[in-house]
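Source file: start_23.cif (mmCIF, N, CA and C atoms)
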data_target
loop_
_atom_site.label_atom_id
_atom_site.label_comp_id
_atom_site.auth_asym_id
_atom_site.auth_seq_id
_atom_site.Cartn_x
_atom_site.Cartn_y
_atom_site.Cartn_z
N MET A 1 0.82 -1.19 0.00
CA MET A 1 0.00 0.00 0.00
C MET A 1 0.86 1.26 0.00
N GLY A 2 2.00 1.26 0.64
CA GLY A 2 2.87 2.43 0.69
C GLY A 2 3.43 2.80 -0.68
N THR A 3 3.74 1.79 -1.49
CA THR A 3 4.28 2.05 -2.82
C THR A 3 3.24 2.71 -3.72
N GLN A 4 2.00 2.29 -3.60
CA GLN A 4 0.93 2.87 -4.43
C GLN A 4 0.72 4.34 -4.06
N ILE A 5 0.72 4.66 -2.80
CA ILE A 5 0.53 6.05 -2.37
C ILE A 5 1.70 6.90 -2.86
N LEU A 6 2.91 6.37 -2.77
CA LEU A 6 4.07 7.10 -3.24
C LEU A 6 3.99 7.36 -4.75
N ALA A 7 3.55 6.36 -5.50
CA ALA A 7 3.40 6.52 -6.95
C ALA A 7 2.32 7.55 -7.29
N GLU A 8 1.22 7.55 -6.55
CA GLU A 8 0.16 8.52 -6.79
C GLU A 8 0.63 9.93 -6.49
N ASN A 9 1.38 10.09 -5.41
CA ASN A 9 1.91 11.41 -5.07
C ASN A 9 2.90 11.89 -6.12
N ALA A 10 3.73 10.99 -6.62
CA ALA A 10 4.68 11.36 -7.66
C ALA A 10 3.95 11.79 -8.93
N LEU A 11 2.89 11.11 -9.26
CA LEU A 11 2.10 11.47 -10.44
C LEU A 11 1.44 12.84 -10.27
N MET A 12 0.92 13.10 -9.08
CA MET A 12 0.30 14.41 -8.83
C MET A 12 1.33 15.53 -8.92
N ILE A 13 2.52 15.29 -8.43
CA ILE A 13 3.58 16.30 -8.51
C ILE A 13 3.96 16.55 -9.96
N GLU A 14 4.06 15.51 -10.77
CA GLU A 14 4.40 15.67 -12.18
C GLU A 14 3.34 16.48 -12.92
N VAL A 15 2.07 16.21 -12.67
CA VAL A 15 0.99 16.97 -13.30
C VAL A 15 1.04 18.43 -12.85
N PHE A 16 1.29 18.65 -11.58
CA PHE A 16 1.39 20.01 -11.05
C PHE A 16 2.55 20.76 -11.69
N LEU A 17 3.71 20.13 -11.80
CA LEU A 17 4.87 20.78 -12.40
C LEU A 17 4.66 21.05 -13.89
N PHE A 18 4.00 20.13 -14.59
CA PHE A 18 3.69 20.35 -16.00
C PHE A 18 2.76 21.55 -16.16
N THR A 19 1.76 21.65 -15.31
CA THR A 19 0.82 22.76 -15.38
C THR A 19 1.52 24.08 -15.11
N ILE A 20 2.39 24.11 -14.10
CA ILE A 20 3.13 25.33 -13.79
C ILE A 20 4.02 25.73 -14.98
N SER A 21 4.70 24.77 -15.57
CA SER A 21 5.58 25.06 -16.71
C SER A 21 4.78 25.61 -17.88
N PHE A 22 3.61 25.05 -18.11
CA PHE A 22 2.76 25.51 -19.22
C PHE A 22 2.31 26.95 -18.99
N VAL A 23 1.88 27.25 -17.79
CA VAL A 23 1.41 28.60 -17.48
C VAL A 23 2.56 29.60 -17.55
N GLU A 24 3.72 29.23 -17.05
CA GLU A 24 4.89 30.11 -17.11
C GLU A 24 5.30 30.37 -18.56
N ALA A 25 5.27 29.35 -19.40
CA ALA A 25 5.62 29.53 -20.81
C ALA A 25 4.63 30.46 -21.50
N PHE A 26 3.37 30.33 -21.16
CA PHE A 26 2.34 31.20 -21.74
C PHE A 26 2.59 32.65 -21.33
N GLY A 27 2.90 32.87 -20.06
CA GLY A 27 3.19 34.22 -19.58
C GLY A 27 4.43 34.80 -20.23
N LEU A 28 5.46 33.99 -20.39
CA LEU A 28 6.69 34.45 -21.03
C LEU A 28 6.43 34.84 -22.48
N ALA A 29 5.62 34.08 -23.18
CA ALA A 29 5.28 34.41 -24.56
C ALA A 29 4.53 35.73 -24.64
N ALA A 30 3.60 35.96 -23.72
CA ALA A 30 2.85 37.23 -23.71
C ALA A 30 3.78 38.40 -23.41
N GLU A 31 4.71 38.23 -22.48
CA GLU A 31 5.66 39.30 -22.16
C GLU A 31 6.57 39.59 -23.35
N THR A 32 7.00 38.56 -24.04
CA THR A 32 7.87 38.74 -25.20
C THR A 32 7.15 39.47 -26.32
N LEU A 33 5.92 39.07 -26.58
CA LEU A 33 5.15 39.76 -27.63
C LEU A 33 4.90 41.22 -27.26
N THR A 34 4.62 41.48 -25.99
CA THR A 34 4.41 42.85 -25.55
C THR A 34 5.68 43.68 -25.78
N GLY A 35 6.82 43.13 -25.40
CA GLY A 35 8.09 43.84 -25.61
C GLY A 35 8.37 44.08 -27.08
N ASN A 36 8.06 43.10 -27.91
CA ASN A 36 8.27 43.27 -29.35
C ASN A 36 7.38 44.37 -29.91
N PHE A 37 6.11 44.38 -29.52
CA PHE A 37 5.20 45.39 -30.02
C PHE A 37 5.61 46.78 -29.57
N VAL A 38 5.99 46.92 -28.32
CA VAL A 38 6.41 48.23 -27.82
C VAL A 38 7.70 48.67 -28.51
N GLY A 39 8.63 47.75 -28.66
CA GLY A 39 9.91 48.07 -29.30
C GLY A 39 9.76 48.46 -30.76
N GLN A 40 8.80 47.89 -31.44
CA GLN A 40 8.56 48.21 -32.85
C GLN A 40 7.64 49.40 -33.03
N GLY A 41 7.13 49.93 -31.92
CA GLY A 41 6.23 51.06 -32.00
C GLY A 41 4.82 50.69 -32.44
N LYS A 42 4.44 49.47 -32.27
CA LYS A 42 3.11 49.00 -32.68
C LYS A 42 2.22 48.86 -31.46
N ARG A 43 2.05 49.92 -30.73
CA ARG A 43 1.24 49.89 -29.52
C ARG A 43 -0.25 49.67 -29.80
N ASP A 44 -0.66 49.86 -31.04
CA ASP A 44 -2.06 49.63 -31.37
C ASP A 44 -2.44 48.15 -31.31
N ARG A 45 -1.46 47.26 -31.30
CA ARG A 45 -1.72 45.82 -31.21
C ARG A 45 -1.84 45.34 -29.77
N LEU A 46 -1.47 46.17 -28.81
CA LEU A 46 -1.50 45.75 -27.41
C LEU A 46 -2.89 45.42 -26.88
N PRO A 47 -3.92 46.20 -27.19
CA PRO A 47 -5.26 45.82 -26.69
C PRO A 47 -5.71 44.45 -27.19
N TYR A 48 -5.40 44.13 -28.43
CA TYR A 48 -5.75 42.80 -28.96
C TYR A 48 -4.99 41.71 -28.21
N LEU A 49 -3.70 41.96 -27.97
CA LEU A 49 -2.88 40.98 -27.25
C LEU A 49 -3.39 40.78 -25.83
N VAL A 50 -3.77 41.86 -25.17
CA VAL A 50 -4.32 41.74 -23.82
C VAL A 50 -5.62 40.94 -23.84
N GLY A 51 -6.47 41.20 -24.81
CA GLY A 51 -7.72 40.46 -24.92
C GLY A 51 -7.50 38.97 -25.14
N VAL A 52 -6.57 38.64 -26.02
CA VAL A 52 -6.27 37.22 -26.28
C VAL A 52 -5.67 36.58 -25.03
N THR A 53 -4.78 37.29 -24.37
CA THR A 53 -4.12 36.75 -23.18
C THR A 53 -5.12 36.52 -22.05
N VAL A 54 -5.97 37.49 -21.80
CA VAL A 54 -6.96 37.34 -20.73
C VAL A 54 -7.97 36.24 -21.09
N GLY A 55 -8.41 36.22 -22.32
CA GLY A 55 -9.36 35.18 -22.74
C GLY A 55 -8.78 33.79 -22.62
N THR A 56 -7.54 33.63 -23.03
CA THR A 56 -6.89 32.33 -22.92
C THR A 56 -6.66 31.96 -21.46
N GLY A 57 -6.30 32.94 -20.64
CA GLY A 57 -6.13 32.69 -19.21
C GLY A 57 -7.42 32.23 -18.54
N VAL A 58 -8.52 32.86 -18.89
CA VAL A 58 -9.82 32.45 -18.33
C VAL A 58 -10.18 31.04 -18.82
N LEU A 59 -9.90 30.75 -20.07
CA LEU A 59 -10.17 29.42 -20.60
C LEU A 59 -9.36 28.36 -19.85
N PHE A 60 -8.07 28.63 -19.62
CA PHE A 60 -7.23 27.69 -18.88
C PHE A 60 -7.71 27.54 -17.45
N ALA A 61 -8.17 28.63 -16.85
CA ALA A 61 -8.67 28.56 -15.47
C ALA A 61 -9.91 27.68 -15.39
N LEU A 62 -10.76 27.76 -16.40
CA LEU A 62 -11.96 26.93 -16.40
C LEU A 62 -11.64 25.45 -16.63
N ILE A 63 -10.61 25.20 -17.44
CA ILE A 63 -10.23 23.81 -17.73
C ILE A 63 -9.53 23.19 -16.54
N PHE A 64 -8.58 23.90 -15.95
CA PHE A 64 -7.80 23.34 -14.86
C PHE A 64 -8.45 23.65 -13.55
#
For this file, write the structure as structure tokens.
Amino acid sequence: MGTQILAENALMIEVFLFTISFVEAFGLAAETLTGNFVGQGKRDRLPYLVGVTVGTGVLFALIF
């Protein structure tokens, strides 16, 4: 019984770490795109990027 509990805990940790990595990668991509838009002087694209980012974040929150 102890081995099964240990395996279940290891699986939960792996799922948790995968989820964290996915969310961090998504945030990094949004930050990079924001920096690119600001650096190129294309600030008119920022509201669209914010809308996509917030919408995707809400979708992920509902899924997870």
Point-to-point distance in Å for atom CA of A:Tyr48 and atom CA of A:Ser21: 24.4 Å
Closest of A:Met12, A:Lys42, A:Thr53, A:Leu17 to A:Ala30 - atom-to-atom distances counting only C-alpha atoms: A:Thr53
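Excluding A:Leu46 and any residue on its chain fewer than 4 positions from it, the residues at most 10 Å away by only C-alpha atoms are Leu33, Thr34, Gly35, Phe37, Val38, Lys42, Val50, Gly51 and Val52 of chain A.
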Separation of atom CA of A:Gly55 from atom C of A:Val23 in Å: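 Those two atoms sit 14.1 Å apart.
Between atom C of A:Ala29 and atom C of A:Asp44 there is a distance of 15.7 Å.
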Test item, alpha helix (DSSP H) assignment across stretch 15-53 of chain A, answer as a PyMOL selection string: chain A and resi 15-39+46-53
Return stretch 5-16 of chain A, completed with all heavy atoms, as a short mmCIF file (atom, residue, chain, number, x, y, z; two decimals), keeping the file's coordinate frame.
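Okay, part17.cif is ready:
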data_model
loop_
_atom_site.label_atom_id
_atom_site.label_comp_id
_atom_site.auth_asym_id
_atom_site.auth_seq_id
_atom_site.Cartn_x
_atom_site.Cartn_y
_atom_site.Cartn_z
N ILE A 5 0.72 4.66 -2.80
CA ILE A 5 0.53 6.05 -2.37
C ILE A 5 1.70 6.90 -2.86
O ILE A 5 1.50 8.03 -3.34
CB ILE A 5 0.37 6.13 -0.84
CG1 ILE A 5 -0.94 5.48 -0.42
CG2 ILE A 5 0.43 7.58 -0.37
CD1 ILE A 5 -1.12 5.37 1.07
N LEU A 6 2.91 6.37 -2.77
CA LEU A 6 4.07 7.10 -3.24
C LEU A 6 3.99 7.36 -4.75
O LEU A 6 4.29 8.45 -5.22
CB LEU A 6 5.34 6.32 -2.91
CG LEU A 6 6.66 6.98 -3.27
CD1 LEU A 6 6.81 8.29 -2.52
CD2 LEU A 6 7.81 6.05 -2.98
N ALA A 7 3.55 6.36 -5.50
CA ALA A 7 3.40 6.52 -6.95
C ALA A 7 2.32 7.55 -7.29
O ALA A 7 2.48 8.36 -8.21
CB ALA A 7 3.07 5.18 -7.59
N GLU A 8 1.22 7.55 -6.55
CA GLU A 8 0.16 8.52 -6.79
C GLU A 8 0.63 9.93 -6.49
O GLU A 8 0.33 10.87 -7.23
CB GLU A 8 -1.07 8.18 -5.94
CG GLU A 8 -1.78 6.92 -6.38
CD GLU A 8 -2.85 6.47 -5.40
OE1 GLU A 8 -2.99 7.10 -4.33
OE2 GLU A 8 -3.54 5.49 -5.70
N ASN A 9 1.38 10.09 -5.41
CA ASN A 9 1.91 11.41 -5.07
C ASN A 9 2.90 11.89 -6.12
O ASN A 9 2.91 13.08 -6.48
CB ASN A 9 2.57 11.40 -3.69
CG ASN A 9 1.56 11.33 -2.57
OD1 ASN A 9 0.40 11.66 -2.76
ND2 ASN A 9 2.01 10.89 -1.42
N ALA A 10 3.73 10.99 -6.62
CA ALA A 10 4.68 11.36 -7.66
C ALA A 10 3.95 11.79 -8.93
O ALA A 10 4.36 12.76 -9.59
CB ALA A 10 5.61 10.19 -7.95
N LEU A 11 2.89 11.11 -9.26
CA LEU A 11 2.10 11.47 -10.44
C LEU A 11 1.44 12.84 -10.27
O LEU A 11 1.45 13.66 -11.19
CB LEU A 11 1.04 10.41 -10.72
CG LEU A 11 0.17 10.64 -11.95
CD1 LEU A 11 1.03 10.66 -13.20
CD2 LEU A 11 -0.89 9.56 -12.04
N MET A 12 0.92 13.10 -9.08
CA MET A 12 0.30 14.41 -8.83
C MET A 12 1.33 15.53 -8.92
O MET A 12 1.05 16.60 -9.47
CB MET A 12 -0.37 14.43 -7.46
CG MET A 12 -1.65 13.64 -7.40
SD MET A 12 -2.63 13.88 -5.90
CE MET A 12 -1.45 13.64 -4.60
N ILE A 13 2.52 15.29 -8.43
CA ILE A 13 3.58 16.30 -8.51
C ILE A 13 3.96 16.55 -9.96
O ILE A 13 4.17 17.70 -10.37
CB ILE A 13 4.80 15.88 -7.68
CG1 ILE A 13 4.47 15.96 -6.19
CG2 ILE A 13 6.02 16.73 -8.00
CD1 ILE A 13 5.54 15.40 -5.29
N GLU A 14 4.06 15.51 -10.77
CA GLU A 14 4.40 15.67 -12.18
C GLU A 14 3.34 16.48 -12.92
O GLU A 14 3.66 17.35 -13.73
CB GLU A 14 4.57 14.30 -12.85
CG GLU A 14 5.81 13.56 -12.42
CD GLU A 14 7.08 14.26 -12.84
OE1 GLU A 14 7.10 14.86 -13.93
OE2 GLU A 14 8.05 14.21 -12.06
N VAL A 15 2.07 16.21 -12.67
CA VAL A 15 0.99 16.97 -13.30
C VAL A 15 1.04 18.43 -12.85
O VAL A 15 0.90 19.36 -13.67
CB VAL A 15 -0.39 16.34 -12.98
CG1 VAL A 15 -1.53 17.24 -13.41
CG2 VAL A 15 -0.50 14.98 -13.64
N PHE A 16 1.29 18.65 -11.58
CA PHE A 16 1.39 20.01 -11.05
C PHE A 16 2.55 20.76 -11.69
O PHE A 16 2.39 21.92 -12.13
CB PHE A 16 1.56 19.95 -9.53
CG PHE A 16 1.70 21.27 -8.87
CD1 PHE A 16 0.63 22.14 -8.79
CD2 PHE A 16 2.91 21.66 -8.31
CE1 PHE A 16 0.75 23.38 -8.18
CE2 PHE A 16 3.05 22.88 -7.70
CZ PHE A 16 1.97 23.74 -7.64
#
